[in-house]
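One file, my_file37.txt, carrying compact mmCIF, C-alpha atoms:
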# COMPACT_ATOMS: atom_id res chain seq x y z
CA MET T 3 -14.14 22.03 -85.54
CA ALA T 4 -12.70 18.68 -84.74
CA SER T 5 -9.57 20.34 -83.48
CA LEU T 6 -11.65 22.52 -81.13
CA LYS T 7 -13.40 19.40 -79.84
CA ASN T 8 -10.05 17.69 -79.32
CA LEU T 9 -8.70 20.77 -77.56
CA GLY T 10 -11.76 20.94 -75.31
CA ALA T 11 -11.45 17.26 -74.46
CA LEU T 12 -7.74 17.65 -73.74
CA THR T 13 -8.39 20.72 -71.56
CA LEU T 14 -11.09 18.83 -69.64
CA LEU T 15 -8.76 15.87 -69.21
CA LEU T 16 -5.93 18.09 -67.92
CA LEU T 17 -8.35 19.86 -65.57
CA LEU T 18 -9.57 16.56 -64.13
CA LEU T 19 -5.99 15.30 -63.80
CA SER T 20 -4.88 18.45 -61.98
CA LEU T 21 -7.84 18.24 -59.62
CA THR T 22 -7.02 14.60 -58.90
CA VAL T 23 -3.35 15.38 -58.25
CA GLN T 24 -4.29 18.28 -55.98
CA THR T 25 -6.70 16.06 -54.04
CA TRP T 26 -4.09 13.33 -53.61
CA GLY T 27 -1.49 15.86 -52.58
CA LYS T 28 -3.86 17.40 -50.08
CA GLU T 29 -4.73 13.98 -48.64
CA ASP T 30 -1.04 13.06 -48.40
CA ALA T 31 -0.25 16.38 -46.75
CA ASP T 32 -3.20 15.99 -44.39
CA GLY T 33 -2.11 12.41 -43.58
CA ALA T 34 1.49 13.43 -42.94
CA GLY T 35 0.35 16.41 -40.87
CA SER T 36 -2.00 14.19 -38.89
CA GLU T 37 0.80 11.70 -38.16
CA CYS T 38 3.13 14.54 -37.14
CA ARG T 39 0.46 16.00 -34.86
CA VAL T 40 -0.15 12.58 -33.24
CA ALA T 41 3.58 12.04 -32.71
CA THR T 42 3.90 15.54 -31.20
CA GLU T 43 0.91 14.95 -28.91
CA VAL T 44 2.33 11.61 -27.73
CA SER T 45 5.71 13.23 -27.05
CA GLU T 46 4.05 16.07 -25.10
CA GLU T 47 1.94 13.55 -23.16
CA LYS T 48 5.07 11.60 -22.15
CA ALA T 49 6.87 14.79 -21.10
CA SER T 50 3.86 15.91 -19.05
CA ALA T 51 3.57 12.44 -17.45
CA LEU T 52 7.29 12.48 -16.56
CA LYS T 53 6.94 15.88 -14.82
CA LEU T 54 3.97 14.58 -12.83
CA LYS T 55 5.87 11.43 -11.84
CA VAL T 56 8.82 13.51 -10.56
CA ILE T 57 6.37 15.65 -8.56
CA ALA T 58 4.75 12.44 -7.27
CA ILE T 59 8.07 11.09 -5.98
CA PHE T 60 8.57 14.10 -3.70
CA THR T 61 4.94 14.65 -2.64
CA ILE T 62 4.40 10.97 -1.79
CA LEU T 63 7.73 10.88 0.07
CA ILE T 64 6.68 13.89 2.18
CA ALA T 65 3.20 12.44 2.83
CA SER T 66 4.71 9.09 3.88
CA ILE T 67 7.21 10.73 6.27
CA LEU T 68 4.50 12.93 7.79
CA GLY T 69 2.14 9.98 8.23
CA ILE T 70 4.49 7.54 9.91
CA SER T 71 6.37 10.19 11.94
CA SER T 72 3.40 12.10 13.34
CA PRO T 73 2.44 9.55 16.07
CA ILE T 74 6.11 9.29 17.13
CA LEU T 75 6.72 13.06 17.15
CA LEU T 76 3.43 13.88 18.91
CA ARG T 77 3.77 11.27 21.65
CA GLY T 78 4.87 13.96 24.11
CA MET T 79 1.47 15.67 23.87
CA PRO T 80 -1.06 14.36 26.41
CA LEU T 81 -3.75 13.91 23.74
CA PHE T 82 -1.58 11.64 21.58
CA LYS T 83 -0.14 9.30 24.19
CA PRO T 84 -0.60 5.58 23.34
CA ASP T 85 -3.01 5.12 26.22
CA GLY T 86 -5.03 8.26 25.36
CA LYS T 87 -8.50 8.35 23.78
CA VAL T 88 -7.43 10.46 20.81
CA PHE T 89 -4.70 7.97 19.93
CA VAL T 90 -7.24 5.13 20.05
CA LEU T 91 -9.54 6.98 17.61
CA VAL T 92 -6.72 7.93 15.23
CA LYS T 93 -5.45 4.35 15.22
CA ALA T 94 -9.01 3.06 14.55
CA PHE T 95 -9.32 5.43 11.58
CA ALA T 96 -5.92 4.34 10.22
CA SER T 97 -6.86 0.66 10.70
CA GLY T 98 -9.99 1.30 8.60
CA VAL T 99 -7.77 2.79 5.89
CA ILE T 100 -5.53 -0.31 5.92
CA LEU T 101 -8.56 -2.62 5.80
CA ALA T 102 -10.03 -0.78 2.79
CA THR T 103 -6.63 -0.81 1.10
CA GLY T 104 -6.62 -4.60 1.21
CA TYR T 105 -10.23 -5.19 0.14
CA VAL T 106 -10.97 -2.28 -2.21
CA HIS T 107 -7.59 -1.45 -3.77
CA VAL T 108 -5.21 -4.42 -3.68
CA LEU T 109 -7.46 -7.45 -4.26
CA PRO T 110 -9.42 -5.93 -7.21
CA ASP T 111 -6.08 -5.07 -8.88
CA SER T 112 -5.02 -8.68 -8.44
CA PHE T 113 -8.31 -9.93 -9.91
CA GLU T 114 -7.82 -7.65 -12.90
CA CYS T 115 -4.28 -8.93 -13.51
CA LEU T 116 -4.89 -12.66 -13.01
CA THR T 117 -8.12 -12.72 -15.08
CA SER T 118 -6.70 -10.62 -17.91
CA PRO T 119 -7.46 -11.80 -21.48
CA CYS T 120 -3.73 -11.40 -22.15
CA LEU T 121 -3.09 -14.51 -20.02
CA PRO T 122 -3.67 -18.06 -21.33
CA ASP T 123 -7.18 -19.33 -20.75
CA TYR T 124 -5.79 -22.34 -18.89
CA PRO T 125 -5.22 -22.27 -15.93
CA TRP T 126 -5.86 -18.57 -15.16
CA SER T 127 -9.57 -18.45 -16.03
CA LYS T 128 -10.28 -21.89 -14.56
CA PHE T 129 -9.40 -21.20 -10.91
CA PRO T 130 -9.86 -18.21 -8.51
CA PHE T 131 -6.13 -17.63 -7.96
CA THR T 132 -6.51 -14.21 -6.31
CA THR T 133 -8.70 -15.36 -3.43
CA PHE T 134 -6.72 -18.59 -3.03
CA ILE T 135 -3.37 -16.74 -2.80
CA ALA T 136 -4.88 -14.16 -0.40
CA MET T 137 -6.23 -16.95 1.82
CA VAL T 138 -2.86 -18.75 1.87
CA ALA T 139 -1.10 -15.44 2.63
CA ALA T 140 -3.45 -14.81 5.58
CA VAL T 141 -2.82 -18.31 6.99
CA LEU T 142 0.96 -17.92 6.53
CA THR T 143 0.77 -14.56 8.30
CA LEU T 144 -1.00 -16.25 11.21
CA MET T 145 1.70 -18.95 11.29
CA MET T 146 4.48 -16.34 11.21
CA ASP T 147 2.71 -14.40 13.96
CA SER T 148 2.33 -17.48 16.15
CA PHE T 149 5.81 -18.94 15.60
CA ALA T 150 7.48 -15.57 16.20
CA MET T 151 5.65 -15.18 19.52
CA SER T 152 6.58 -18.72 20.58
CA TYR T 153 10.23 -18.26 19.60
CA TYR T 154 10.71 -14.95 21.39
CA ARG T 155 8.88 -16.15 24.47
CA LYS T 156 11.18 -19.13 24.67
CA HIS T 157 14.48 -17.40 23.88
CA GLY T 158 13.86 -13.88 25.09
CA MET T 159 11.31 -13.71 27.88
CA ASN T 160 12.59 -16.76 29.78
CA GLU T 161 15.89 -14.96 30.22
CA VAL T 162 14.06 -11.98 31.74
CA GLU T 163 12.19 -14.25 34.11
CA CYS T 164 15.32 -16.14 35.11
CA GLU T 165 17.26 -12.95 35.63
CA HIS T 166 14.56 -11.55 37.90
CA GLY T 167 14.15 -14.90 39.58
CA ASN T 168 17.83 -14.99 40.53
CA GLN T 169 17.61 -11.48 41.92
CA ILE T 170 14.59 -12.47 43.98
CA GLU T 171 16.17 -15.59 45.31
CA HIS T 172 19.55 -14.14 46.18
CA GLY T 173 18.53 -10.62 47.10
CA HIS T 174 15.60 -11.21 49.44
CA GLY T 175 15.40 -14.89 50.27
CA HIS T 176 12.26 -17.02 50.31
CA GLY T 177 10.07 -14.95 52.63
CA HIS T 178 8.81 -12.67 49.88
CA GLY T 179 8.58 -15.28 47.16
CA HIS T 180 4.86 -14.77 46.52
CA SER T 181 5.05 -11.01 46.08
CA HIS T 182 8.05 -11.32 43.79
CA GLY T 183 6.27 -14.06 41.84
CA VAL T 184 3.41 -11.64 41.20
CA GLY T 185 5.93 -9.02 40.07
CA VAL T 186 7.56 -11.44 37.67
CA LYS T 187 4.14 -12.46 36.31
CA LYS T 188 3.24 -8.83 35.71
CA LEU T 189 6.58 -8.26 34.01
CA ASP T 190 5.94 -11.34 31.87
CA GLU T 191 2.55 -9.97 30.78
CA GLU T 192 4.02 -6.57 29.92
CA ALA T 193 6.91 -8.15 27.99
CA SER T 194 4.46 -10.40 26.12
CA LYS T 195 2.31 -7.42 25.18
CA LEU T 196 5.34 -5.43 24.03
CA LEU T 197 6.59 -8.38 21.98
CA ARG T 198 3.18 -8.67 20.35
CA TYR T 199 3.27 -5.01 19.31
CA GLN T 200 6.75 -5.44 17.85
CA ILE T 201 5.74 -8.43 15.72
CA ILE T 202 2.60 -6.63 14.53
CA ALA T 203 4.65 -3.61 13.46
CA GLN T 204 7.13 -5.73 11.48
CA VAL T 205 4.56 -7.90 9.71
CA LEU T 206 2.33 -4.90 8.91
CA GLU T 207 5.27 -3.00 7.40
CA LEU T 208 6.10 -6.04 5.25
CA GLY T 209 2.61 -6.09 3.72
CA ILE T 210 2.54 -2.33 3.17
CA VAL T 211 6.02 -2.27 1.59
CA VAL T 212 5.12 -5.00 -0.95
CA HIS T 213 1.97 -3.15 -1.99
CA SER T 214 3.75 0.23 -2.08
CA VAL T 215 6.41 -1.00 -4.51
CA VAL T 216 3.74 -2.43 -6.82
CA ILE T 217 1.62 0.76 -6.95
CA GLY T 218 4.77 2.86 -7.39
CA LEU T 219 5.93 0.67 -10.27
CA SER T 220 2.53 0.94 -11.97
CA MET T 221 2.52 4.73 -11.70
CA GLY T 222 6.13 5.04 -12.90
CA ALA T 223 5.44 2.91 -15.99
CA SER T 224 2.26 4.83 -16.92
CA GLN T 225 2.48 7.41 -19.75
CA ASN T 226 -1.01 8.85 -19.24
CA ALA T 227 -0.86 12.23 -17.49
CA ARG T 228 -4.64 12.30 -16.97
CA THR T 229 -4.42 9.04 -15.03
CA ILE T 230 -1.38 10.06 -12.97
CA ARG T 231 -2.76 13.42 -11.77
CA PRO T 232 -5.63 12.09 -9.57
CA LEU T 233 -3.51 9.08 -8.66
CA ILE T 234 -0.99 11.33 -6.88
CA ALA T 235 -3.65 12.74 -4.53
CA ALA T 236 -5.09 9.28 -3.86
CA ILE T 237 -1.70 7.71 -3.07
CA CYS T 238 -0.73 10.66 -0.83
CA PHE T 239 -3.94 10.12 1.19
CA HIS T 240 -3.27 6.39 1.23
CA GLN T 241 0.37 6.76 2.42
CA LEU T 242 -0.46 9.45 4.96
CA PHE T 243 -3.04 7.44 6.89
CA GLU T 244 -1.40 4.06 6.39
CA GLY T 245 1.68 5.72 7.83
CA VAL T 246 -0.33 6.94 10.83
CA GLY T 247 -1.48 3.36 11.49
CA LEU T 248 2.04 1.96 11.17
CA GLY T 249 3.49 4.83 13.22
CA GLY T 250 1.02 4.04 16.00
CA CYS T 251 2.19 0.42 15.97
CA LEU T 252 5.83 1.56 16.15
CA LEU T 253 4.96 3.79 19.08
CA GLN T 254 3.32 0.93 20.97
CA ALA T 255 6.22 -1.41 20.10
CA GLU T 256 8.63 0.96 21.91
CA TYR T 257 11.49 0.30 19.52
CA LYS T 258 14.80 2.06 20.00
CA ALA T 259 15.52 5.12 17.88
CA LYS T 260 17.67 3.19 15.37
CA MET T 261 14.97 0.59 14.66
CA LYS T 262 12.29 3.27 14.37
CA ALA T 263 14.45 5.20 11.90
CA ILE T 264 14.99 2.09 9.76
CA MET T 265 11.28 1.26 9.61
CA VAL T 266 10.32 4.91 8.91
CA PHE T 267 12.91 5.00 6.11
CA PHE T 268 11.71 1.83 4.38
CA PHE T 269 8.04 2.80 4.59
CA SER T 270 8.74 6.31 3.27
CA VAL T 271 10.95 5.41 0.30
CA THR T 272 9.27 2.27 -1.10
CA THR T 273 6.56 4.01 -3.16
CA PRO T 274 8.94 6.71 -4.53
CA PHE T 275 11.45 3.94 -5.27
CA GLY T 276 8.74 2.02 -7.13
CA ILE T 277 7.90 5.14 -9.18
CA ALA T 278 11.58 5.71 -10.05
CA LEU T 279 11.91 2.04 -11.00
CA GLY T 280 8.81 2.30 -13.19
CA ILE T 281 10.23 5.39 -14.94
CA GLY T 282 13.48 3.52 -15.63
CA LEU T 283 11.64 0.47 -16.96
CA SER T 284 8.90 2.35 -18.85
CA HIS T 285 10.51 1.59 -22.23
CA VAL T 286 10.69 -2.16 -21.59
CA TYR T 287 7.97 -2.73 -19.00
CA SER T 288 4.57 -3.68 -20.40
CA ASP T 289 1.47 -3.78 -18.22
CA ASN T 290 -0.10 -6.39 -20.49
CA SER T 291 2.76 -8.86 -20.80
CA PRO T 292 1.92 -12.24 -19.21
CA ALA T 293 5.00 -12.17 -16.95
CA SER T 294 4.22 -8.72 -15.47
CA LEU T 295 0.52 -9.56 -15.07
CA ILE T 296 1.31 -12.76 -13.13
CA VAL T 297 4.00 -11.16 -10.93
CA VAL T 298 1.92 -8.07 -10.08
CA GLY T 299 -1.25 -10.17 -9.59
CA VAL T 300 0.44 -12.62 -7.22
CA LEU T 301 2.17 -9.85 -5.24
CA ASN T 302 -1.09 -7.91 -4.89
CA ALA T 303 -3.02 -11.01 -3.79
CA THR T 304 -0.32 -11.83 -1.20
CA SER T 305 -0.25 -8.25 0.06
CA GLY T 306 -4.07 -8.12 0.18
CA GLY T 307 -4.35 -11.28 2.28
CA LEU T 308 -1.65 -10.06 4.66
CA LEU T 309 -3.16 -6.56 5.05
CA ASN T 310 -6.67 -7.91 5.60
CA TYR T 311 -5.46 -10.31 8.29
CA MET T 312 -3.39 -7.62 10.02
CA ALA T 313 -6.18 -5.03 9.91
CA LEU T 314 -8.91 -7.34 11.21
CA VAL T 315 -7.01 -9.56 13.66
CA ASP T 316 -3.98 -7.66 14.93
CA LEU T 317 -5.30 -4.11 14.81
CA LEU T 318 -9.11 -3.91 15.00
CA ALA T 319 -9.94 -7.10 16.92
CA ALA T 320 -7.04 -6.61 19.34
CA ASP T 321 -8.18 -3.06 20.17
CA PHE T 322 -11.95 -3.61 20.21
CA MET T 323 -11.67 -6.75 22.33
CA GLY T 324 -9.18 -5.11 24.68
CA THR T 325 -10.04 -3.79 28.13
CA LYS T 326 -9.82 -0.11 27.15
CA LEU T 327 -12.69 -0.18 24.63
CA GLN T 328 -14.64 -2.96 26.35
CA SER T 329 -14.83 -0.89 29.52
CA ASN T 330 -15.94 2.31 27.75
CA MET T 331 -18.97 1.93 25.47
CA ARG T 332 -18.95 5.58 24.41
CA LEU T 333 -15.32 5.39 23.31
CA GLN T 334 -16.07 2.09 21.57
CA MET T 335 -18.86 3.73 19.52
CA TRP T 336 -16.60 6.62 18.52
CA ALA T 337 -13.91 4.11 17.56
CA PHE T 338 -16.39 2.27 15.30
CA ILE T 339 -17.31 5.59 13.67
CA ALA T 340 -13.59 6.31 13.13
CA VAL T 341 -13.14 2.89 11.47
CA LEU T 342 -16.12 3.52 9.16
CA LEU T 343 -14.74 6.95 8.23
CA GLY T 344 -11.35 5.41 7.40
CA VAL T 345 -12.96 2.64 5.34
CA SER T 346 -15.25 5.12 3.53
CA GLY T 347 -12.47 7.60 2.75
CA MET T 348 -10.12 4.97 1.38
CA SER T 349 -12.91 3.27 -0.58
CA LEU T 350 -13.78 6.60 -2.20
CA MET T 351 -10.16 6.87 -3.34
CA ALA T 352 -10.69 3.70 -5.41
CA LYS T 353 -12.46 5.91 -7.96
CA TRP T 354 -9.08 7.45 -8.87
CA ALA T 355 -6.53 4.85 -7.71
Take the structure from the file and write it as structure tokens.
Amino acid sequence: MASLKNLGALTLLLLLLSLTVQTWGKEDADGAGSECRVATEVSEEKASALKLKVIAIFTILIASILGISSPILLRGMPLFKPDGKVFVLVKAFASGVILATGYVHVLPDSFECLTSPCLPDYPWSKFPFTTFIAMVAAVLTLMMDSFAMSYYRKHGMNEVECEHGNQIEHGHGHGHGHSHGVGVKKLDEEASKLLRYQIIAQVLELGIVVHSVVIGLSMGASQNARTIRPLIAAICFHQLFEGVGLGGCLLQAEYKAKMKAIMVFFFSVTTPFGIALGIGLSHVYSDNSPASLIVVGVLNATSGGLLNYMALVDLLAADFMGTKLQSNMRLQMWAFIAVLLGVSGMSLMAKWA
């Protein structure tokens, strides 16, 4: 009887031990399987993100080329001539896009970087660096604008005036001095206006290029396919209409073909280059490292201040205070509507980009 009790106890003990071992084995197998599944999912996510980034390089390149080239290629059509009403409305819409890019896209990104908890509390949380850097960038843009105009007027336009002055003096004598003086004055005004357009185009491209590299780098370094997918559409919209605005400035600047080609090239390739750079640095680049947060935050704040100044002062104010819109209230109202549409469309894109 005792032996039966001992056998029953031993059987019960072995049964409990086997159940325990089976449970542990199942948990270990489940744990290992779970880790393998997670690793596989991460690998698939990275592969999917890489495919989307390669697609983004080509789609954004095409959108950028179409945007900046369309005003130049369509200038032969009567509707799209620089002095036409349609061109004024398209440029107003594109200026609204550039304005919203600065305020709604670039500056908030800078705020996010420079107030990140990954940065030391002092000095980054003790001072509004984003708005300060943007303000300084806007003032420096004004200085660059002003000094460039002064320099080219002194070294470029005086030569034009002297050249025409010599022709007047030697070709026709003093009897027609007044009429030729009016001609030279008109030429001076036209040359000054053309010079202004050329400076605007160069400074605007500088601000756009800085921002484009930063957003391209961020996309290239991202491993989240769900984030990249809507970002592609948003950046294509962004590049298309920013390109239209810059292309309109190039058209008004009347650059030679070589200079136009250079500026079209740099605008078109900067975002794809940023994406490619981000892909190459994705293994070492960390969005949350203090160095990358400071660099990206400062670049975005600088770009935001520059874009806001250019959009408000050199594009919108220059057009709306000009004779064309001031003399046509109906066109001025349509231009305001175009600006609001550009601002609204680009602001809506902030939901995804």
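Using all atoms listed in the file for every distance, the candidate list T:Cys238, T:Leu317, T:Leu76, T:Ala223 yields T:Ala223 as the residue closest to Gly282 in chain T.
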Inset, instruction - Within 9 Å of (-1.7, 2.4, -4.9) (coordinates as in the file), grab all the protein and nucleic acid residues, counting all atoms listed in the file, and write them out as a PyMOL selection string. - result: chain T and resi 103+107-108+213-218+220-221+233+236-237+240-241+273+355
- Task: Rounded to one decimal place, report the CA of Tyr199 in chain T-CA of Cys251 in chain T distance in Å.
- Result: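 Between CA of Tyr199 in chain T and CA of Cys251 in chain T the gap is 6.5 Å.
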Discussion item. Between CA of Gln254 in chain T and CA of Met151 in chain T, what distance in Å does the model show, to one decimal?
Written reply: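 Separation between CA of Gln254 in chain T and CA of Met151 in chain T: 16.3 Å.
Using all atoms listed in the file, the smallest distance between any of T:Phe275, T:Phe338, T:Phe243, T:Tyr257 and Leu68 in chain T comes from T:Phe243.
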Excluding Thr117 in chain T and residues on its chain fewer than 6 positions from it, collect all residues at most 12 Å away from it, counting all atoms listed in the file, and give them as a compact mmCIF listing (two decimals) with C-alpha atoms, in the coordinates of the input.
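Generated output (out-v4.txt):
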# COMPACT_ATOMS: atom_id res chain seq x y z
CA PRO T 110 -9.42 -5.93 -7.21
CA ASP T 111 -6.08 -5.07 -8.88
CA ASP T 123 -7.18 -19.33 -20.75
CA TYR T 124 -5.79 -22.34 -18.89
CA PRO T 125 -5.22 -22.27 -15.93
CA TRP T 126 -5.86 -18.57 -15.16
CA SER T 127 -9.57 -18.45 -16.03
CA LYS T 128 -10.28 -21.89 -14.56
CA PHE T 129 -9.40 -21.20 -10.91
CA PRO T 130 -9.86 -18.21 -8.51
CA PHE T 131 -6.13 -17.63 -7.96
CA THR T 132 -6.51 -14.21 -6.31
CA THR T 133 -8.70 -15.36 -3.43
CA ASN T 290 -0.10 -6.39 -20.49
CA PRO T 292 1.92 -12.24 -19.21
CA LEU T 295 0.52 -9.56 -15.07
CA ILE T 296 1.31 -12.76 -13.13
CA GLY T 299 -1.25 -10.17 -9.59
CA VAL T 300 0.44 -12.62 -7.22
TODO: To one decimal in Å, tell me the separation between CA of Gln204 in chain T and CA of Pro84 in chain T.
DONE: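 Atom-to-atom, CA of Gln204 in chain T to CA of Pro84 in chain T, that is 18.1 Å.
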Restricting to all atoms listed in the file, whichever of T:Ile201, T:Leu253, T:Leu301, T:Ala278 is closest to Asp316 in chain T is T:Ile201
query: Which residues, written as a PyMOL selection string, have at least one atom at most 9 Å from Leu318 in chain T, with all atoms listed in the file counted and residues fewer than 5 positions away on the same chain left out?
result: chain T and resi 94+97-98+312-313+323+341
Residues near Arg228 in chain T, anyone? I mean within 12 Å using all atoms listed in the file, not counting same-chain ones fewer than 3 positions away, as a list in words.
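So the residues in contact are Glu47, Lys48, Ser50, Ala51, Leu52, Leu54, Lys55, Met221, Ser224, Gln225, Arg231, Pro232, Leu233, Ile234 and Trp354 of chain T.
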Residue with the minimum atom-to-atom distance to Leu308 in chain T, picked from T:Leu116, T:Ser148, T:Asp85, T:Leu101 with only C-alpha atoms counted, is T:Leu101
